[in-house]
>>> print(open('upload.txt').read())   # compact mmCIF, N, CA and C atoms
# COMPACT_ATOMS: atom_id res chain seq x y z
N MET U 1 64.29 94.23 92.13
CA MET U 1 65.68 94.09 92.55
C MET U 1 66.65 94.69 91.55
N LYS U 2 66.18 95.49 90.62
CA LYS U 2 67.05 96.09 89.63
C LYS U 2 68.06 97.04 90.26
N TRP U 3 67.73 97.64 91.39
CA TRP U 3 68.64 98.62 91.97
C TRP U 3 69.94 97.99 92.45
N PHE U 4 69.96 96.68 92.64
CA PHE U 4 71.21 96.00 93.00
C PHE U 4 72.16 95.94 91.80
N ARG U 5 71.60 96.02 90.60
CA ARG U 5 72.41 95.96 89.40
C ARG U 5 72.86 97.34 88.92
N LYS U 6 72.45 98.34 89.63
CA LYS U 6 72.83 99.70 89.26
C LYS U 6 74.34 99.86 89.36
N LYS U 7 74.93 100.38 88.31
CA LYS U 7 76.38 100.55 88.28
C LYS U 7 76.79 101.72 89.18
N ILE U 8 77.73 101.50 90.05
CA ILE U 8 78.23 102.55 90.94
C ILE U 8 79.34 103.29 90.22
N LYS U 9 79.22 104.62 90.18
CA LYS U 9 80.23 105.43 89.52
C LYS U 9 81.28 105.86 90.54
N LEU U 10 82.51 105.60 90.24
CA LEU U 10 83.61 106.05 91.09
C LEU U 10 84.04 107.44 90.65
N PRO U 11 84.66 108.19 91.56
CA PRO U 11 85.18 109.49 91.15
C PRO U 11 86.26 109.28 90.09
N ASN U 12 86.28 110.16 89.12
CA ASN U 12 87.32 110.06 88.11
C ASN U 12 88.23 111.28 88.23
N GLU U 13 89.20 111.36 87.36
CA GLU U 13 90.17 112.45 87.41
C GLU U 13 89.49 113.80 87.22
N GLU U 14 88.54 113.87 86.31
CA GLU U 14 87.84 115.13 86.05
C GLU U 14 87.04 115.58 87.27
N TYR U 15 86.34 114.65 87.91
CA TYR U 15 85.57 114.94 89.12
C TYR U 15 86.47 115.50 90.20
N THR U 16 87.61 114.86 90.38
CA THR U 16 88.56 115.27 91.41
C THR U 16 89.15 116.65 91.09
N LEU U 17 89.49 116.88 89.83
CA LEU U 17 90.03 118.19 89.43
C LEU U 17 89.03 119.33 89.67
N LYS U 18 87.76 119.07 89.41
CA LYS U 18 86.74 120.09 89.66
C LYS U 18 86.70 120.44 91.14
N ALA U 19 86.77 119.43 91.99
CA ALA U 19 86.76 119.68 93.43
C ALA U 19 88.01 120.45 93.86
N VAL U 20 89.15 120.10 93.30
CA VAL U 20 90.41 120.78 93.63
C VAL U 20 90.32 122.26 93.26
N ASN U 21 89.74 122.55 92.10
CA ASN U 21 89.64 123.93 91.64
C ASN U 21 88.73 124.80 92.51
N LYS U 22 87.89 124.17 93.32
CA LYS U 22 86.98 124.92 94.21
C LYS U 22 87.55 125.08 95.62
N THR U 23 88.73 124.53 95.88
CA THR U 23 89.30 124.53 97.22
C THR U 23 89.74 125.93 97.63
N THR U 24 89.47 126.26 98.90
CA THR U 24 89.80 127.58 99.45
C THR U 24 90.72 127.43 100.66
N VAL U 25 91.23 128.54 101.13
CA VAL U 25 92.06 128.55 102.34
C VAL U 25 91.23 128.05 103.53
N GLU U 26 89.95 128.37 103.55
CA GLU U 26 89.07 127.90 104.62
C GLU U 26 88.99 126.38 104.63
N ASP U 27 89.04 125.77 103.44
CA ASP U 27 89.04 124.31 103.35
C ASP U 27 90.30 123.72 103.99
N ILE U 28 91.43 124.40 103.79
CA ILE U 28 92.68 123.94 104.42
C ILE U 28 92.51 123.97 105.93
N ASP U 29 91.97 125.06 106.45
CA ASP U 29 91.74 125.17 107.89
C ASP U 29 90.80 124.08 108.40
N GLU U 30 89.77 123.78 107.62
CA GLU U 30 88.83 122.73 108.00
C GLU U 30 89.52 121.37 108.05
N ALA U 31 90.34 121.09 107.06
CA ALA U 31 91.07 119.81 107.04
C ALA U 31 91.99 119.71 108.25
N ILE U 32 92.68 120.80 108.57
CA ILE U 32 93.59 120.80 109.73
C ILE U 32 92.81 120.57 111.01
N GLU U 33 91.63 121.19 111.13
CA GLU U 33 90.79 121.01 112.32
C GLU U 33 90.33 119.56 112.47
N LYS U 34 90.12 118.88 111.35
CA LYS U 34 89.60 117.51 111.37
C LYS U 34 90.70 116.46 111.24
N GLU U 35 91.93 116.88 111.47
CA GLU U 35 93.08 115.98 111.28
C GLU U 35 92.92 114.67 112.05
N LYS U 36 92.56 114.74 113.31
CA LYS U 36 92.46 113.51 114.12
C LYS U 36 91.42 112.55 113.54
N SER U 37 90.26 113.06 113.16
CA SER U 37 89.21 112.21 112.61
C SER U 37 89.62 111.60 111.28
N ILE U 38 90.23 112.41 110.42
CA ILE U 38 90.65 111.93 109.10
C ILE U 38 91.77 110.90 109.25
N SER U 39 92.76 111.22 110.08
CA SER U 39 93.88 110.28 110.30
C SER U 39 93.39 108.97 110.89
N SER U 40 92.45 109.05 111.81
CA SER U 40 91.91 107.84 112.43
C SER U 40 91.18 106.99 111.39
N LYS U 41 90.40 107.63 110.54
CA LYS U 41 89.67 106.89 109.51
C LYS U 41 90.63 106.19 108.56
N ILE U 42 91.69 106.89 108.17
CA ILE U 42 92.68 106.29 107.26
C ILE U 42 93.40 105.13 107.95
N ALA U 43 93.83 105.34 109.18
CA ALA U 43 94.61 104.32 109.89
C ALA U 43 93.79 103.08 110.24
N ASN U 44 92.51 103.25 110.48
CA ASN U 44 91.67 102.14 110.92
C ASN U 44 90.91 101.45 109.80
N SER U 45 91.13 101.88 108.58
CA SER U 45 90.42 101.30 107.46
C SER U 45 91.36 100.37 106.70
N GLY U 46 90.93 99.16 106.47
CA GLY U 46 91.77 98.20 105.77
C GLY U 46 92.27 98.68 104.42
N LEU U 47 91.38 99.23 103.60
CA LEU U 47 91.77 99.67 102.26
C LEU U 47 92.69 100.89 102.29
N LEU U 48 92.52 101.75 103.27
CA LEU U 48 93.27 103.01 103.29
C LEU U 48 94.52 102.96 104.16
N LYS U 49 94.75 101.84 104.84
CA LYS U 49 95.88 101.76 105.78
C LYS U 49 97.22 102.15 105.16
N LYS U 50 97.41 101.77 103.91
CA LYS U 50 98.70 102.07 103.28
C LYS U 50 98.90 103.57 103.10
N TYR U 51 97.84 104.34 103.24
CA TYR U 51 97.92 105.79 103.10
C TYR U 51 98.13 106.51 104.44
N ALA U 52 98.27 105.77 105.53
CA ALA U 52 98.40 106.39 106.85
C ALA U 52 99.63 107.30 106.93
N LYS U 53 100.79 106.80 106.51
CA LYS U 53 102.01 107.62 106.56
C LYS U 53 101.92 108.78 105.57
N LEU U 54 101.37 108.51 104.41
CA LEU U 54 101.19 109.55 103.41
C LEU U 54 100.28 110.66 103.96
N GLY U 55 99.22 110.26 104.64
CA GLY U 55 98.32 111.23 105.25
C GLY U 55 99.02 112.10 106.27
N LYS U 56 99.90 111.51 107.07
CA LYS U 56 100.66 112.28 108.06
C LYS U 56 101.54 113.33 107.38
N VAL U 57 102.20 112.93 106.30
CA VAL U 57 103.06 113.88 105.56
C VAL U 57 102.20 114.98 104.94
N MET U 58 101.07 114.60 104.40
CA MET U 58 100.17 115.59 103.80
C MET U 58 99.73 116.62 104.84
N PHE U 59 99.37 116.15 106.03
CA PHE U 59 98.95 117.07 107.09
C PHE U 59 100.10 117.98 107.53
N LEU U 60 101.29 117.40 107.67
CA LEU U 60 102.45 118.23 108.03
C LEU U 60 102.67 119.33 106.99
N MET U 61 102.56 118.96 105.73
CA MET U 61 102.82 119.92 104.66
C MET U 61 101.78 121.02 104.63
N ILE U 62 100.48 120.67 104.73
CA ILE U 62 99.49 121.75 104.66
C ILE U 62 99.55 122.64 105.91
N LYS U 63 99.94 122.06 107.04
CA LYS U 63 100.09 122.89 108.25
C LYS U 63 101.27 123.84 108.10
N ASP U 64 102.40 123.33 107.60
CA ASP U 64 103.57 124.20 107.39
C ASP U 64 103.27 125.26 106.33
N TYR U 65 102.50 124.90 105.32
CA TYR U 65 102.10 125.87 104.30
C TYR U 65 101.22 126.95 104.93
N ARG U 66 100.25 126.52 105.71
CA ARG U 66 99.29 127.46 106.31
C ARG U 66 99.98 128.41 107.29
N LYS U 67 101.02 127.93 107.97
CA LYS U 67 101.77 128.77 108.91
C LYS U 67 102.75 129.69 108.18
N GLY U 68 102.94 129.45 106.88
CA GLY U 68 103.87 130.25 106.11
C GLY U 68 105.31 129.77 106.24
N ILE U 69 105.50 128.60 106.82
CA ILE U 69 106.84 128.04 107.02
C ILE U 69 107.38 127.43 105.72
N TYR U 70 106.50 126.75 105.00
CA TYR U 70 106.89 126.09 103.75
C TYR U 70 105.97 126.59 102.65
N THR U 71 106.49 127.37 101.74
CA THR U 71 105.66 127.96 100.68
C THR U 71 106.14 127.59 99.28
N LYS U 72 107.12 126.71 99.18
CA LYS U 72 107.66 126.31 97.87
C LYS U 72 106.80 125.20 97.26
N ILE U 73 105.52 125.44 97.20
CA ILE U 73 104.61 124.44 96.67
C ILE U 73 103.48 125.15 95.92
N PRO U 74 103.11 124.63 94.77
CA PRO U 74 102.02 125.27 94.02
C PRO U 74 100.68 125.14 94.76
N TRP U 75 99.84 126.14 94.57
CA TRP U 75 98.51 126.10 95.18
C TRP U 75 97.77 124.83 94.76
N PHE U 76 97.93 124.39 93.52
CA PHE U 76 97.25 123.19 93.05
C PHE U 76 97.52 122.01 93.98
N SER U 77 98.78 121.83 94.39
CA SER U 77 99.13 120.69 95.24
C SER U 77 98.48 120.81 96.62
N ILE U 78 98.50 122.01 97.18
CA ILE U 78 97.85 122.22 98.48
C ILE U 78 96.36 121.96 98.36
N ALA U 79 95.74 122.48 97.30
CA ALA U 79 94.30 122.30 97.08
C ALA U 79 93.97 120.82 96.86
N ALA U 80 94.79 120.12 96.11
CA ALA U 80 94.54 118.70 95.83
C ALA U 80 94.63 117.87 97.11
N ILE U 81 95.64 118.13 97.92
CA ILE U 81 95.79 117.40 99.18
C ILE U 81 94.61 117.69 100.10
N THR U 82 94.23 118.95 100.21
CA THR U 82 93.10 119.32 101.06
C THR U 82 91.83 118.65 100.59
N THR U 83 91.60 118.67 99.28
CA THR U 83 90.41 118.03 98.71
C THR U 83 90.38 116.54 99.05
N ALA U 84 91.50 115.86 98.87
CA ALA U 84 91.56 114.42 99.15
C ALA U 84 91.29 114.14 100.62
N LEU U 85 91.91 114.90 101.51
CA LEU U 85 91.72 114.66 102.94
C LEU U 85 90.28 114.92 103.37
N LEU U 86 89.68 115.99 102.87
CA LEU U 86 88.29 116.28 103.22
C LEU U 86 87.34 115.26 102.58
N TYR U 87 87.67 114.76 101.40
CA TYR U 87 86.84 113.74 100.77
C TYR U 87 86.82 112.47 101.62
N VAL U 88 87.98 112.09 102.13
CA VAL U 88 88.06 110.90 102.98
C VAL U 88 87.20 111.10 104.23
N PHE U 89 87.15 112.32 104.74
CA PHE U 89 86.40 112.60 105.96
C PHE U 89 84.89 112.49 105.76
N MET U 90 84.41 112.82 104.56
CA MET U 90 82.96 112.84 104.31
C MET U 90 82.38 111.42 104.38
N PRO U 91 81.43 111.18 105.27
CA PRO U 91 80.84 109.84 105.36
C PRO U 91 79.90 109.53 104.21
N PHE U 92 79.27 110.55 103.64
CA PHE U 92 78.32 110.34 102.55
C PHE U 92 78.86 110.98 101.27
N ASP U 93 79.79 110.27 100.63
CA ASP U 93 80.35 110.74 99.38
C ASP U 93 79.71 109.93 98.25
N LEU U 94 80.37 109.76 97.14
CA LEU U 94 79.75 109.04 96.02
C LEU U 94 79.32 107.63 96.39
N ILE U 95 80.15 106.94 97.16
CA ILE U 95 79.78 105.62 97.69
C ILE U 95 79.86 105.76 99.21
N PRO U 96 78.72 105.79 99.90
CA PRO U 96 78.75 105.97 101.36
C PRO U 96 79.64 104.95 102.05
N ASP U 97 80.39 105.41 103.04
CA ASP U 97 81.40 104.58 103.69
C ASP U 97 80.83 103.38 104.44
N PHE U 98 79.55 103.41 104.78
CA PHE U 98 78.98 102.30 105.53
C PHE U 98 78.68 101.08 104.66
N ILE U 99 78.82 101.19 103.34
CA ILE U 99 78.58 100.04 102.46
C ILE U 99 79.81 99.13 102.51
N PRO U 100 79.66 97.93 103.08
CA PRO U 100 80.81 97.03 103.25
C PRO U 100 81.47 96.68 101.91
N GLY U 101 82.78 96.74 101.90
CA GLY U 101 83.54 96.35 100.73
C GLY U 101 83.67 97.42 99.66
N LEU U 102 82.69 98.29 99.54
CA LEU U 102 82.72 99.31 98.50
C LEU U 102 82.84 100.72 99.06
N GLY U 103 82.46 100.91 100.28
CA GLY U 103 82.36 102.24 100.86
C GLY U 103 83.63 103.07 100.83
N LEU U 104 84.77 102.43 100.84
CA LEU U 104 86.03 103.18 100.86
C LEU U 104 86.74 103.19 99.51
N VAL U 105 86.17 102.53 98.53
CA VAL U 105 86.81 102.47 97.21
C VAL U 105 86.92 103.86 96.59
N ASP U 106 85.89 104.68 96.75
CA ASP U 106 85.96 106.02 96.17
C ASP U 106 86.99 106.89 96.91
N ASP U 107 87.11 106.70 98.23
CA ASP U 107 88.13 107.43 98.99
C ASP U 107 89.52 107.03 98.49
N LEU U 108 89.72 105.74 98.31
CA LEU U 108 90.98 105.21 97.81
C LEU U 108 91.29 105.77 96.41
N THR U 109 90.27 105.88 95.58
CA THR U 109 90.45 106.41 94.23
C THR U 109 90.92 107.86 94.27
N VAL U 110 90.26 108.69 95.08
CA VAL U 110 90.64 110.10 95.18
C VAL U 110 92.05 110.23 95.74
N LEU U 111 92.37 109.48 96.80
CA LEU U 111 93.72 109.52 97.37
C LEU U 111 94.77 109.09 96.36
N SER U 112 94.45 108.10 95.55
CA SER U 112 95.40 107.62 94.53
C SER U 112 95.66 108.68 93.47
N PHE U 113 94.59 109.31 92.97
CA PHE U 113 94.77 110.38 91.99
C PHE U 113 95.66 111.48 92.55
N VAL U 114 95.29 111.95 93.72
CA VAL U 114 95.99 113.10 94.31
C VAL U 114 97.43 112.76 94.65
N SER U 115 97.68 111.59 95.21
CA SER U 115 99.06 111.25 95.56
C SER U 115 99.93 111.17 94.30
N GLY U 116 99.36 110.73 93.19
CA GLY U 116 100.11 110.72 91.93
C GLY U 116 100.40 112.12 91.43
N TRP U 117 99.43 113.02 91.56
CA TRP U 117 99.61 114.40 91.09
C TRP U 117 100.65 115.16 91.90
N VAL U 118 100.74 114.89 93.20
CA VAL U 118 101.58 115.71 94.08
C VAL U 118 102.83 114.98 94.58
N GLU U 119 103.13 113.85 94.01
CA GLU U 119 104.25 113.04 94.49
C GLU U 119 105.57 113.83 94.54
N THR U 120 105.87 114.56 93.50
CA THR U 120 107.11 115.34 93.47
C THR U 120 107.11 116.40 94.56
N ASP U 121 105.99 117.08 94.73
CA ASP U 121 105.90 118.11 95.77
C ASP U 121 106.03 117.51 97.17
N LEU U 122 105.46 116.33 97.38
CA LEU U 122 105.60 115.66 98.68
C LEU U 122 107.06 115.28 98.94
N ASN U 123 107.73 114.76 97.91
CA ASN U 123 109.15 114.41 98.06
C ASN U 123 110.00 115.64 98.34
N ASN U 124 109.72 116.74 97.63
CA ASN U 124 110.46 117.99 97.88
C ASN U 124 110.22 118.48 99.30
N TYR U 125 109.00 118.37 99.76
CA TYR U 125 108.67 118.78 101.14
C TYR U 125 109.42 117.92 102.15
N LEU U 126 109.41 116.62 101.93
CA LEU U 126 110.12 115.72 102.86
C LEU U 126 111.61 116.03 102.90
N ASP U 127 112.21 116.28 101.74
CA ASP U 127 113.63 116.66 101.70
C ASP U 127 113.86 117.93 102.51
N TRP U 128 113.00 118.93 102.31
CA TRP U 128 113.11 120.19 103.04
C TRP U 128 112.93 119.97 104.54
N LYS U 129 111.95 119.16 104.91
CA LYS U 129 111.65 118.89 106.33
C LYS U 129 112.84 118.20 107.00
N LEU U 130 113.42 117.24 106.32
CA LEU U 130 114.57 116.53 106.88
C LEU U 130 115.76 117.48 107.07
N LYS U 131 115.98 118.39 106.12
CA LYS U 131 117.05 119.38 106.25
C LYS U 131 116.78 120.31 107.42
N GLN U 132 115.52 120.72 107.59
CA GLN U 132 115.14 121.59 108.71
C GLN U 132 115.42 120.90 110.05
N GLU U 133 115.03 119.65 110.15
CA GLU U 133 115.22 118.89 111.38
C GLU U 133 116.71 118.66 111.66
N ALA U 134 117.47 118.39 110.59
CA ALA U 134 118.92 118.18 110.75
C ALA U 134 119.61 119.45 111.22
N SER U 135 119.23 120.58 110.66
CA SER U 135 119.87 121.84 111.07
C SER U 135 119.42 122.27 112.46
N ALA U 136 118.25 121.83 112.89
CA ALA U 136 117.77 122.17 114.24
C ALA U 136 118.50 121.38 115.31
N THR U 137 118.99 120.20 114.95
CA THR U 137 119.68 119.37 115.93
C THR U 137 121.18 119.66 116.02
N GLU U 138 121.68 120.46 115.08
CA GLU U 138 123.11 120.77 115.08
C GLU U 138 123.45 121.81 116.11
>>> encode(input="upload.txt", output="structure tokens")
Amino acid sequence: MKWFRKKIKLPNEEYTLKAVNKTTVEDIDEAIEKEKSISSKIANSGLLKKYAKLGKVMFLMIKDYRKGIYTKIPWFSIAAITTALLYVFMPFDLIPDFIPGLGLVDDLTVLSFVSGWVETDLNNYLDWKLKQEASATE
């Protein structure tokens, strides 16, 4: 029964940064294609529920970036958001999602790192989006 005492390693900042540095434009397209599945997983998971609105903003931003509508954002932020969203989608990550109580902790960790790294860029995007919507209604 020693395997029950095995320490589970959570993703750390270095692990997440390595994944971000490998992100490609194709990864952005993949995240956009899987938006419904990723959003559903976030919205229906107890631990990740607080990230539901954040996930919606992240998807809006990477879609606007990909369309060339919003480009005032560093590639690092786009790559970090894409990495986090695709990590949440993966059912077999560092801690498989089917493990009760622990399965989503690693997803939460990656989302927390990334949201901290890109907070300013998300706020700038929201400000820009609100201005766009306001000028469209005038």
>>> atom_distance(input="upload.txt", atom1="atom N of Leu48 of chain U", atom2="atom C of Leu126 of chain U")
23.8 Å
>>> atom_distance(input="upload.txt", atom1="atom N of Asn12 of chain U", atom2="atom N of Thr24 of chain U")
19.1 Å
>>> residues_around(input="upload.txt", residues="segment 114-119 of chain U", least_positions_apart="5", cutoff="7 Å", atoms="all atoms listed in the file", output="list in words")
Ser77, Ala80, Ile81, Ala84, Thr109 and Asn124 of chain U
>>> atom_distance(input="upload.txt", atom1="atom N of Glu33 of chain U", atom2="atom C of Phe59 of chain U")
9.7 Å
>>> residues_near_point(input="upload.txt", point="(97.2, 107.5, 111.2)", cutoff="5 Å", atoms="all atoms listed in the file", output="list in words")
Ser39, Ala43 and Ala52 of chain U
>>> residues_around(input="upload.txt", residues="Val88 of chain U", least_positions_apart="4", cutoff="7 Å", atoms="only N, CA and C atoms", output="list in words")
Ile38, Thr83, Ala84 and Asp107 of chain U
>>> closest_residue(input="upload.txt", among="U:Met61, U:Met90, U:Ile42, U:Val105", to="Ile73 of chain U", atoms="only C-alpha atoms")
U:Met61
>>> select_by_dssp(input="upload.txt", residues="chain U", states="alpha helix (DSSP H)", output="ChimeraX atom specification")
/U:13-21,25-33,35-43,52-67,75-89,105-137
>>> closest_residue(input="upload.txt", among="U:Ala19, U:Leu54, U:Leu86, U:Ala79", to="Lys34 of chain U", atoms="only C-alpha atoms")
U:Leu86
>>> closest_atom_pairs(input="upload.txt", of="segment 29-121 of chain U", to="segment 131-136 of chain U", cutoff="12 Å", atoms="only C-alpha atoms", output="tab-separated table")
residue	atom	partner	partner_atom	distance
U:Asp64	CA	U:Gln132	CA	11.9
U:Ile69	CA	U:Gln132	CA	10.6
U:Tyr70	CA	U:Gln132	CA	10.6
>>> write_last_selection(input="upload.txt", atoms="N, CA and C atoms", output="mmCIF file, in the frame of the given file")
data_model
loop_
_atom_site.group_PDB
_atom_site.id
_atom_site.type_symbol
_atom_site.label_atom_id
_atom_site.label_comp_id
_atom_site.auth_asym_id
_atom_site.auth_seq_id
_atom_site.Cartn_x
_atom_site.Cartn_y
_atom_site.Cartn_z
ATOM 1 N N ASP U 64 102.400 123.330 107.600
ATOM 2 C CA ASP U 64 103.570 124.200 107.390
ATOM 3 C C ASP U 64 103.270 125.260 106.330
ATOM 4 N N ILE U 69 105.500 128.600 106.820
ATOM 5 C CA ILE U 69 106.840 128.040 107.020
ATOM 6 C C ILE U 69 107.380 127.430 105.720
ATOM 7 N N TYR U 70 106.500 126.750 105.000
ATOM 8 C CA TYR U 70 106.890 126.090 103.750
ATOM 9 C C TYR U 70 105.970 126.590 102.650
#
>>> closest_residue(input="upload.txt", among="U:Lys72, U:Glu138, U:Asp106, U:Lys41", to="Asp121 of chain U", atoms="all atoms listed in the file")
U:Lys72
>>> closest_residue(input="upload.txt", among="U:Val20, U:Val57, U:Val25, U:Arg66", to="Asp127 of chain U", atoms="only C-alpha atoms")
U:Val57
>>> closest_residue(input="upload.txt", among="U:Ile62, U:Tyr125, U:Val110, U:Lys50", to="Thr16 of chain U", atoms="only N, CA and C atoms")
U:Val110
>>> axis_aligned_box(input="upload.txt", around="segment 21-30 of chain U", padding_each_side="3 Å", output="JSON")
{"center_x": 89.8, "center_y": 125.0, "center_z": 100.0, "size_x": 11.7, "size_y": 13.2, "size_z": 22.8}
